[in-house]
file entry_14.cif (mmCIF, C-alpha atoms)
data_upload
loop_
_atom_site.label_atom_id
_atom_site.label_comp_id
_atom_site.auth_asym_id
_atom_site.auth_seq_id
_atom_site.Cartn_x
_atom_site.Cartn_y
_atom_site.Cartn_z
CA MET A 1210 112.43 95.40 112.75
CA SER A 1211 112.28 97.61 109.65
CA HIS A 1212 109.32 97.19 107.37
CA VAL A 1213 108.22 97.70 103.78
CA LEU A 1214 104.70 98.86 103.02
CA LEU A 1215 102.94 97.02 100.19
CA LEU A 1216 99.96 99.19 99.34
CA ASN A 1217 97.33 98.04 96.85
CA GLY A 1218 94.45 100.22 95.75
CA PRO A 1219 90.90 99.69 94.54
CA ASN A 1220 89.78 96.34 93.14
CA LEU A 1221 93.12 94.63 93.73
CA GLY A 1222 91.71 92.51 96.54
CA THR A 1223 90.00 90.35 93.92
CA LEU A 1224 93.17 89.42 92.05
CA GLY A 1225 93.15 85.85 90.88
CA THR A 1226 89.55 86.04 89.71
CA ARG A 1227 89.25 89.63 88.43
CA GLN A 1228 89.70 89.75 84.65
CA PRO A 1229 92.40 87.06 84.57
CA GLU A 1230 93.05 87.76 80.90
CA ILE A 1231 94.40 91.18 81.98
CA TYR A 1232 95.55 90.71 85.58
CA GLY A 1233 96.47 87.02 85.66
CA THR A 1234 95.39 84.33 88.09
CA THR A 1235 97.81 85.02 90.94
CA THR A 1236 96.01 86.06 94.12
CA LEU A 1237 96.97 89.07 96.19
CA ALA A 1238 97.84 86.73 99.08
CA ARG A 1239 100.34 84.93 96.83
CA ILE A 1240 101.85 88.23 95.69
CA GLU A 1241 102.20 89.32 99.32
CA ALA A 1242 103.98 86.05 100.21
CA GLU A 1243 106.39 86.43 97.29
CA VAL A 1244 107.21 90.04 98.19
CA ALA A 1245 107.73 89.06 101.84
CA LYS A 1246 110.18 86.38 100.72
CA GLU A 1247 112.02 88.83 98.45
CA ILE A 1248 112.51 91.46 101.16
CA SER A 1249 113.44 88.90 103.81
CA THR A 1250 116.95 88.99 102.31
CA ARG A 1251 117.27 92.34 104.09
CA ASN A 1252 115.52 91.13 107.25
CA TRP A 1253 112.64 93.47 106.52
CA GLU A 1254 109.08 92.72 107.52
CA LEU A 1255 106.20 93.21 105.10
CA VAL A 1256 103.12 95.21 105.99
CA ALA A 1257 100.62 94.46 103.21
CA GLU A 1258 97.44 96.50 102.90
CA GLN A 1259 94.72 96.72 100.27
CA ARG A 1260 91.93 99.28 100.35
CA ASN A 1261 89.23 100.33 97.93
CA SER A 1262 89.02 103.84 99.38
CA GLU A 1263 91.49 106.59 98.53
CA GLY A 1264 91.18 108.11 102.00
CA GLU A 1265 92.09 104.83 103.66
CA LEU A 1266 95.16 104.49 101.42
CA ILE A 1267 96.23 107.98 102.48
CA ASP A 1268 95.76 107.06 106.15
CA LEU A 1269 98.00 104.01 105.65
CA LEU A 1270 100.75 106.06 104.01
CA GLN A 1271 100.67 108.49 106.91
CA GLN A 1272 100.75 105.66 109.46
CA HIS A 1273 103.75 104.00 107.79
CA GLY A 1274 106.01 106.99 107.20
CA ASP A 1275 108.65 105.11 109.18
CA ALA A 1276 108.85 102.31 106.58
CA VAL A 1277 112.16 101.77 104.79
CA GLY A 1278 110.22 101.95 101.52
CA ALA A 1279 107.03 100.97 99.77
CA LEU A 1280 105.59 99.22 96.75
CA VAL A 1281 102.41 100.94 95.61
CA ASN A 1282 99.83 99.77 93.09
CA PRO A 1283 97.33 102.63 93.07
CA GLY A 1284 95.13 100.87 90.52
CA ALA A 1285 92.91 103.31 88.66
CA LEU A 1286 93.71 106.01 91.24
CA MET A 1287 96.88 106.59 89.23
CA ILE A 1288 94.66 108.45 86.75
CA ALA A 1289 92.87 110.92 89.01
CA GLY A 1290 93.86 110.16 92.61
CA TRP A 1291 95.07 113.66 93.37
CA SER A 1292 94.72 113.27 97.15
CA LEU A 1293 96.68 110.01 96.99
CA ARG A 1294 99.27 111.76 94.83
CA ASP A 1295 99.68 114.48 97.46
CA ALA A 1296 100.09 111.87 100.21
CA LEU A 1297 102.72 110.05 98.14
CA ALA A 1298 104.54 113.37 97.65
CA ASP A 1299 104.76 113.62 101.45
CA PHE A 1300 105.89 109.99 101.86
CA ALA A 1301 109.62 110.34 102.47
CA PRO A 1302 110.87 106.75 101.99
CA PRO A 1303 111.53 105.58 98.43
CA TRP A 1304 108.63 103.83 96.77
CA ILE A 1305 108.04 102.04 93.50
CA GLU A 1306 104.79 102.11 91.55
CA VAL A 1307 103.65 98.70 90.29
CA HIS A 1308 101.01 97.78 87.70
CA LEU A 1309 100.20 94.22 86.66
CA SER A 1310 99.25 95.16 83.11
CA ASN A 1311 101.09 97.35 80.65
CA VAL A 1312 98.93 100.44 80.88
CA TRP A 1313 100.41 101.76 77.64
CA ALA A 1314 98.94 98.77 75.78
CA ARG A 1315 95.46 99.51 77.11
CA GLU A 1316 92.85 102.24 76.75
CA SER A 1317 94.25 105.74 76.21
CA PHE A 1318 92.72 107.07 79.45
CA ARG A 1319 95.18 104.81 81.31
CA HIS A 1320 98.20 106.44 79.67
CA MET A 1321 98.48 109.20 82.28
CA SER A 1322 99.58 108.65 85.86
CA VAL A 1323 99.48 111.48 88.38
CA THR A 1324 101.42 109.31 90.84
CA ALA A 1325 104.21 107.76 88.73
CA PRO A 1326 106.30 110.94 88.36
CA LEU A 1327 106.83 110.89 92.14
CA ALA A 1328 107.99 107.26 92.31
CA ALA A 1329 111.59 106.11 92.45
CA GLY A 1330 110.62 103.82 89.57
CA VAL A 1331 107.70 102.14 87.83
CA VAL A 1332 107.27 98.46 87.00
CA MET A 1333 104.41 97.47 84.72
CA GLY A 1334 103.26 94.79 82.35
CA MET A 1335 104.96 91.86 84.07
CA GLY A 1336 101.95 90.54 85.94
CA ALA A 1337 102.59 89.30 89.47
CA LEU A 1338 106.32 89.05 88.69
CA GLY A 1339 106.40 92.84 88.61
CA TYR A 1340 105.93 92.98 92.37
CA ARG A 1341 108.98 90.77 92.91
CA VAL A 1342 111.02 92.87 90.48
CA ALA A 1343 109.96 96.02 92.34
CA ALA A 1344 110.85 94.43 95.69
CA GLN A 1345 114.29 93.49 94.36
CA ALA A 1346 114.80 97.05 93.16
CA LEU A 1347 113.75 98.45 96.52
CA THR A 1348 116.28 96.27 98.32
CA GLN A 1349 118.94 97.85 96.09
CA LEU A 1350 117.64 101.42 96.45
CA VAL A 1351 117.80 101.38 100.23
CA SER A 1352 121.24 101.13 101.80
CA SER A 1353 121.98 98.85 104.75
CA ALA A 1354 121.57 101.82 107.07
CA GLY A 1355 118.01 102.26 105.85
CA GLU A 1356 118.75 105.41 103.87
CA PRO A 1357 118.36 105.74 100.11
CA ASP A 1358 121.66 105.17 98.28
#
call {"tool": "encode", "arguments": {"input": "entry_14.cif", "output": "structure tokens"}}
result
Amino acid sequence: MSHVLLLNGPNLGTLGTRQPEIYGTTTLARIEAEVAKEISTRNWELVAEQRNSEGELIDLLQQHGDAVGALVNPGALMIAGWSLRDALADFAPPWIEVHLSNVWARESFRHMSVTAPLAAGVVMGMGALGYRVAAQALTQLVSSAGEPD
């Protein structure tokens, strides 16, 4: 069965309790369940991973190069995760960058992403809903044959 990689970076394992005024109260487990439901329309399986280490995120991208696509929330690594950026540049399937908060409405140091220019698209500022929106977009970006449209 084809799979989608849902990759979440540093500090995202504590969603639901981490700064709920910024990130909301939805847990990562709930987000994973909602994304799995969204992609099930294509009979795709979800492989959901969260790591706090940039090197481990890179390992996961390399292990899942056969995915039909990915949803990636690099967290703060979007700012200076150059090694992660290079791994995403080598990740052939389409992927969408997701951020819970609107980074443009936050501190100025968050206004630059080294990873976003490589993504097929970016969804931000919609909270947990953003993951579902990104999953819907991915189902449209990938043709039935598993190739980008």
call {"tool": "resolve_selection", "arguments": {"input": "entry_14.cif", "expression": "the PyMOL selection byres ((chain A and resi 1329) around 10)", "output": "number ranges by chain"}}
result
A: 1302-1306, 1325-1328, 1330-1331, 1346-1347, 1350
call {"tool": "resolve_selection", "arguments": {"input": "entry_14.cif", "expression": "the PyMOL selection byres ((chain A and resi 1234-1237) around 12)", "output": "ChimeraX atom specification"}}
result
/A:1215-1218,1220-1233,1238-1244,1257-1259,1282,1309,1336-1340
call {"tool": "resolve_selection", "arguments": {"input": "entry_14.cif", "expression": "the PyMOL selection byres ((chain A and resi 1261-1269) around 7)", "output": "ChimeraX atom specification"}}
result
/A:1218-1220,1259-1260,1270-1273,1293,1296
call {"tool": "atom_distance", "arguments": {"input": "entry_14.cif", "atom1": "CA of Ala1298 (chain A)", "atom2": "CA of Val1256 (chain A)"}}
result
20.0 Å
call {"tool": "closest_residue", "arguments": {"input": "entry_14.cif", "among": "A:Leu1280, A:Val1213, A:Ala1245, A:Val1323", "to": "Arg1294 (chain A)", "atoms": "all atoms listed in the file"}}
result
A:Val1323
call {"tool": "atom_distance", "arguments": {"input": "entry_14.cif", "atom1": "CA of Ser1310 (chain A)", "atom2": "CA of Asp1275 (chain A)"}}
result
29.4 Å
call {"tool": "axis_aligned_box", "arguments": {"input": "entry_14.cif", "around": "region 1255-1265 of chain A", "padding_each_side": "6 Å", "output": "lines of an AutoDock Vina configuration file"}}
result
center_x = 97.6
center_y = 100.7
center_z = 102.0
size_x = 29.2
size_y = 26.9
size_z = 20.1
call {"tool": "atom_distance", "arguments": {"input": "entry_14.cif", "atom1": "CA of Val1332 (chain A)", "atom2": "CA of Val1307 (chain A)"}}
result
4.9 Å
call {"tool": "build_atoms", "arguments": {"input": "entry_14.cif", "residues": "region 1293-1304 of chain A", "atoms": "all heavy atoms", "output": "PDB file, in the frame of the given file"}}
result
ATOM      1  N   LEU A1293      95.675 111.061  96.818  1.00  0.00           N
ATOM      2  CA  LEU A1293      96.680 110.010  96.990  1.00  0.00           C
ATOM      3  C   LEU A1293      98.033 110.507  96.484  1.00  0.00           C
ATOM      4  O   LEU A1293      99.064 110.300  97.124  1.00  0.00           O
ATOM      5  CB  LEU A1293      96.270 108.736  96.256  1.00  0.00           C
ATOM      6  CG  LEU A1293      97.263 107.570  96.339  1.00  0.00           C
ATOM      7  CD1 LEU A1293      97.470 107.130  97.793  1.00  0.00           C
ATOM      8  CD2 LEU A1293      96.778 106.407  95.491  1.00  0.00           C
ATOM      9  N   ARG A1294      98.035 111.199  95.374  1.00  0.00           N
ATOM     10  CA  ARG A1294      99.270 111.760  94.830  1.00  0.00           C
ATOM     11  C   ARG A1294      99.926 112.690  95.851  1.00  0.00           C
ATOM     12  O   ARG A1294     101.138 112.638  96.072  1.00  0.00           O
ATOM     13  CB  ARG A1294      98.975 112.522  93.545  1.00  0.00           C
ATOM     14  CG  ARG A1294     100.217 113.097  92.888  1.00  0.00           C
ATOM     15  CD  ARG A1294      99.999 114.580  92.530  1.00  0.00           C
ATOM     16  NE  ARG A1294     101.203 115.129  91.973  1.00  0.00           N
ATOM     17  CZ  ARG A1294     102.112 115.802  92.678  1.00  0.00           C
ATOM     18  NH1 ARG A1294     101.963 115.999  93.971  1.00  0.00           N
ATOM     19  NH2 ARG A1294     103.197 116.283  92.111  1.00  0.00           N
ATOM     20  N   ASP A1295      99.132 113.553  96.480  1.00  0.00           N
ATOM     21  CA  ASP A1295      99.680 114.480  97.460  1.00  0.00           C
ATOM     22  C   ASP A1295     100.243 113.742  98.669  1.00  0.00           C
ATOM     23  O   ASP A1295     101.289 114.120  99.199  1.00  0.00           O
ATOM     24  CB  ASP A1295      98.614 115.485  97.907  1.00  0.00           C
ATOM     25  CG  ASP A1295      98.272 116.493  96.814  1.00  0.00           C
ATOM     26  OD1 ASP A1295      99.001 116.563  95.798  1.00  0.00           O
ATOM     27  OD2 ASP A1295      97.265 117.217  96.972  1.00  0.00           O
ATOM     28  N   ALA A1296      99.586 112.664  99.094  1.00  0.00           N
ATOM     29  CA  ALA A1296     100.090 111.870 100.210  1.00  0.00           C
ATOM     30  C   ALA A1296     101.389 111.168  99.832  1.00  0.00           C
ATOM     31  O   ALA A1296     102.318 111.079 100.644  1.00  0.00           O
ATOM     32  CB  ALA A1296      99.048 110.851 100.662  1.00  0.00           C
ATOM     33  N   LEU A1297     101.484 110.684  98.597  1.00  0.00           N
ATOM     34  CA  LEU A1297     102.720 110.050  98.140  1.00  0.00           C
ATOM     35  C   LEU A1297     103.855 111.076  98.029  1.00  0.00           C
ATOM     36  O   LEU A1297     105.012 110.758  98.288  1.00  0.00           O
ATOM     37  CB  LEU A1297     102.496 109.351  96.797  1.00  0.00           C
ATOM     38  CG  LEU A1297     101.700 108.047  96.889  1.00  0.00           C
ATOM     39  CD1 LEU A1297     101.183 107.625  95.509  1.00  0.00           C
ATOM     40  CD2 LEU A1297     102.543 106.956  97.517  1.00  0.00           C
ATOM     41  N   ALA A1298     103.521 112.314  97.699  1.00  0.00           N
ATOM     42  CA  ALA A1298     104.540 113.370  97.650  1.00  0.00           C
ATOM     43  C   ALA A1298     105.112 113.630  99.034  1.00  0.00           C
ATOM     44  O   ALA A1298     106.289 113.993  99.163  1.00  0.00           O
ATOM     45  CB  ALA A1298     103.941 114.653  97.072  1.00  0.00           C
ATOM     46  N   ASP A1299     104.316 113.423 100.065  1.00  0.00           N
ATOM     47  CA  ASP A1299     104.760 113.620 101.450  1.00  0.00           C
ATOM     48  C   ASP A1299     105.391 112.378 102.052  1.00  0.00           C
ATOM     49  O   ASP A1299     105.914 112.436 103.156  1.00  0.00           O
ATOM     50  CB  ASP A1299     103.579 114.045 102.332  1.00  0.00           C
ATOM     51  CG  ASP A1299     103.198 115.500 102.115  1.00  0.00           C
ATOM     52  OD1 ASP A1299     104.036 116.268 101.603  1.00  0.00           O
ATOM     53  OD2 ASP A1299     102.061 115.852 102.460  1.00  0.00           O
ATOM     54  N   PHE A1300     105.325 111.248 101.354  1.00  0.00           N
ATOM     55  CA  PHE A1300     105.890 109.990 101.860  1.00  0.00           C
ATOM     56  C   PHE A1300     107.379 110.003 101.575  1.00  0.00           C
ATOM     57  O   PHE A1300     107.812 109.898 100.422  1.00  0.00           O
ATOM     58  CB  PHE A1300     105.183 108.809 101.182  1.00  0.00           C
ATOM     59  CG  PHE A1300     105.521 107.471 101.756  1.00  0.00           C
ATOM     60  CD1 PHE A1300     104.982 107.061 102.973  1.00  0.00           C
ATOM     61  CD2 PHE A1300     106.363 106.608 101.078  1.00  0.00           C
ATOM     62  CE1 PHE A1300     105.282 105.819 103.506  1.00  0.00           C
ATOM     63  CE2 PHE A1300     106.673 105.355 101.596  1.00  0.00           C
ATOM     64  CZ  PHE A1300     106.131 104.964 102.819  1.00  0.00           C
ATOM     65  N   ALA A1301     108.178 110.143 102.626  1.00  0.00           N
ATOM     66  CA  ALA A1301     109.620 110.340 102.470  1.00  0.00           C
ATOM     67  C   ALA A1301     110.397 109.117 101.974  1.00  0.00           C
ATOM     68  O   ALA A1301     111.313 109.256 101.169  1.00  0.00           O
ATOM     69  CB  ALA A1301     110.224 110.855 103.772  1.00  0.00           C
ATOM     70  N   PRO A1302     110.072 107.905 102.445  1.00  0.00           N
ATOM     71  CA  PRO A1302     110.870 106.750 101.990  1.00  0.00           C
ATOM     72  C   PRO A1302     110.695 106.519 100.491  1.00  0.00           C
ATOM     73  O   PRO A1302     109.686 106.884  99.905  1.00  0.00           O
ATOM     74  CB  PRO A1302     110.287 105.575 102.782  1.00  0.00           C
ATOM     75  CG  PRO A1302     109.549 106.184 103.923  1.00  0.00           C
ATOM     76  CD  PRO A1302     109.068 107.515 103.428  1.00  0.00           C
ATOM     77  N   PRO A1303     111.685 105.884  99.858  1.00  0.00           N
ATOM     78  CA  PRO A1303     111.530 105.580  98.430  1.00  0.00           C
ATOM     79  C   PRO A1303     110.395 104.586  98.203  1.00  0.00           C
ATOM     80  O   PRO A1303     110.164 103.707  99.031  1.00  0.00           O
ATOM     81  CB  PRO A1303     112.883 104.960  98.053  1.00  0.00           C
ATOM     82  CG  PRO A1303     113.500 104.516  99.321  1.00  0.00           C
ATOM     83  CD  PRO A1303     112.941 105.387 100.409  1.00  0.00           C
ATOM     84  N   TRP A1304     109.712 104.758  97.106  1.00  0.00           N
ATOM     85  CA  TRP A1304     108.630 103.830  96.770  1.00  0.00           C
ATOM     86  C   TRP A1304     108.618 103.614  95.259  1.00  0.00           C
ATOM     87  O   TRP A1304     109.078 104.436  94.489  1.00  0.00           O
ATOM     88  CB  TRP A1304     107.284 104.332  97.286  1.00  0.00           C
ATOM     89  CG  TRP A1304     106.839 105.654  96.746  1.00  0.00           C
ATOM     90  CD1 TRP A1304     107.198 106.891  97.191  1.00  0.00           C
ATOM     91  CD2 TRP A1304     105.952 105.878  95.638  1.00  0.00           C
ATOM     92  NE1 TRP A1304     106.596 107.862  96.435  1.00  0.00           N
ATOM     93  CE2 TRP A1304     105.823 107.270  95.486  1.00  0.00           C
ATOM     94  CE3 TRP A1304     105.269 105.027  94.770  1.00  0.00           C
ATOM     95  CZ2 TRP A1304     105.036 107.836  94.486  1.00  0.00           C
ATOM     96  CZ3 TRP A1304     104.478 105.591  93.778  1.00  0.00           C
ATOM     97  CH2 TRP A1304     104.363 106.975  93.659  1.00  0.00           C
TER      98      TRP A1304
END
